[in-house]
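Novice: Got a structure here, written out as structure tokens. Questions coming.
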Amino acid sequence: MKGYMVVFFTQQNRRYQGKMLGEWIVDVAKEMGLRGATLCTGIEGFGHTGKLHSSHFFELADQPTEIRFAITEDEAKRLFKRLDSEEISVFFTKTPIEMGTLGKTPSSSTPSTTSEL
């Protein structure tokens with residue numbers, strides 16, 4: 001299936017409606033019925049201003065954060081429209097991908113095992 005890898009970039013200290021912005025975006029995607037999202041924090045990075053953002057022993061709030069989605073074109077359009085209607089500003093990348101699922105879904109009666117490739 002064709003789709004997009006959409007990645008939003010922000011920092012842990014950015015908040016919206018009482019939540020971390022990354023967490024808020026994940027919640028919006030879940031409410032919209034998107035199939036998944038991954039919220040990751042980085043050790044260090046810098047943005048368009050050149051300011052270094054990093055995790056420090058005493059201060060973790062400035063850590064770079066990414067929110068990743070593997071979504072269809074329609075889902076991307078709906079998500080962008082929803083986020084654009086809010087009072088936020090967030091940088092993103094949108095890359096064409098091919099996506100799918102490999103393997104079989106384990107049945108609930110059999111224990112899960114890892115098979116060799």
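Scheme for the structure tokens: letters A, B, ... for chains in order shown; per-chain residue numbers from 1; ligand numbers from 1 in order shown.
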Considering only C-alpha atoms, tabulate each residue of region 10-83 of chain A that lies at most 8 Å from region 87-106 of chain A along with its nearest interatomic pair and the corresponding distance in Å to one decimal; arrange the rows by chain and ascending residue number and present them as JSON lines.
Specialist:
{"residue": "A:Thr10", "atom": "CA", "partner": "A:Val90", "partner_atom": "CA", "distance": 6.6}
{"residue": "A:Tyr16", "atom": "CA", "partner": "A:Ile88", "partner_atom": "CA", "distance": 7.7}
{"residue": "A:Ala70", "atom": "CA", "partner": "A:Met99", "partner_atom": "CA", "distance": 7.5}
{"residue": "A:Leu83", "atom": "CA", "partner": "A:Ile88", "partner_atom": "CA", "distance": 7.5}
Novice: Please save C-alpha atoms of the selected residues as a PDB file, in the first residue's frame.
Specialist:
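again-v2.pdb written:
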ATOM      1  CA  THR A  10       9.305  19.580  18.405  1.00  0.00           C
ATOM      2  CA  TYR A  16      -0.582  22.735  24.087  1.00  0.00           C
ATOM      3  CA  ALA A  70       3.022   5.723   8.498  1.00  0.00           C
ATOM      4  CA  LEU A  83      -3.550  20.303  13.055  1.00  0.00           C
TER       5      LEU A  83
END
Novice: Nearest residue to Glu86 (chain A) out of A:Ser107, A:Phe46, A:Leu21, A:Glu73, using only C-alpha atoms?
Specialist: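 The closest residue to Glu86 (chain A) is A:Leu21.
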Novice: When you draw a straight line from CA of Glu75 (chain A) to CA of Gly42 (chain A), how long is it in Å?
Specialist: 26.0 Å
Novice: If you count only C-alpha atoms, which residues fall within 12 Å of Arg82 (chain A), apart from same-chain ones fewer than 3 positions away, as a list in words?
Specialist: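 In the requested form, the answer reads Ile25, Val28, Ala29, Glu31, Met32, Glu75, Ala76, Lys77, Arg78, Leu79, Ser85, Glu86, Glu87 and Ile88 of chain A.
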Novice: Hey, can you check how far CA of Met5 (chain A) sits from CA of Gly36 (chain A)?
Specialist: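 Separation between CA of Met5 (chain A) and CA of Gly36 (chain A): 11.6 Å.
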Novice: Which parts of region 24-109 of chain A does DSSP call strand (DSSP E or B) when run on the backbone here, written out as a VMD selection string?
Specialist: chain A and resid 38 to 41 44 to 46 52 to 54 64 to 71 91 to 98
Novice: Atoms to include: C-alpha atoms. Write the selected residues as a short mmCIF file (atom, residue, chain, number, x, y, z; two decimals), in the first residue's frame.
Specialist:
data_model
loop_
_atom_site.label_atom_id
_atom_site.label_comp_id
_atom_site.auth_asym_id
_atom_site.auth_seq_id
_atom_site.Cartn_x
_atom_site.Cartn_y
_atom_site.Cartn_z
CA THR A 38 5.38 6.64 17.56
CA LEU A 39 6.60 9.35 19.93
CA CYS A 40 10.40 9.39 20.32
CA THR A 41 12.75 11.62 22.27
CA GLU A 44 20.41 16.18 21.11
CA GLY A 45 19.53 18.24 18.05
CA PHE A 46 19.23 21.75 16.67
CA LEU A 52 21.07 23.33 20.46
CA HIS A 53 18.36 21.28 22.20
CA SER A 54 19.56 18.46 24.41
CA PRO A 64 14.10 17.00 20.84
CA THR A 65 10.92 15.01 20.14
CA GLU A 66 9.66 13.28 16.99
CA ILE A 67 6.15 12.02 16.30
CA ARG A 68 6.08 9.50 13.43
CA PHE A 69 3.16 8.23 11.38
CA ALA A 70 3.02 5.72 8.50
CA ILE A 71 -0.31 6.79 7.00
CA PHE A 91 7.82 21.50 11.56
CA PHE A 92 7.20 18.28 9.59
CA THR A 93 8.54 16.07 6.84
CA LYS A 94 6.29 14.03 4.53
CA THR A 95 7.98 11.26 2.55
CA PRO A 96 6.30 8.81 0.11
CA ILE A 97 6.56 5.20 1.32
CA GLU A 98 5.27 1.73 0.61
#
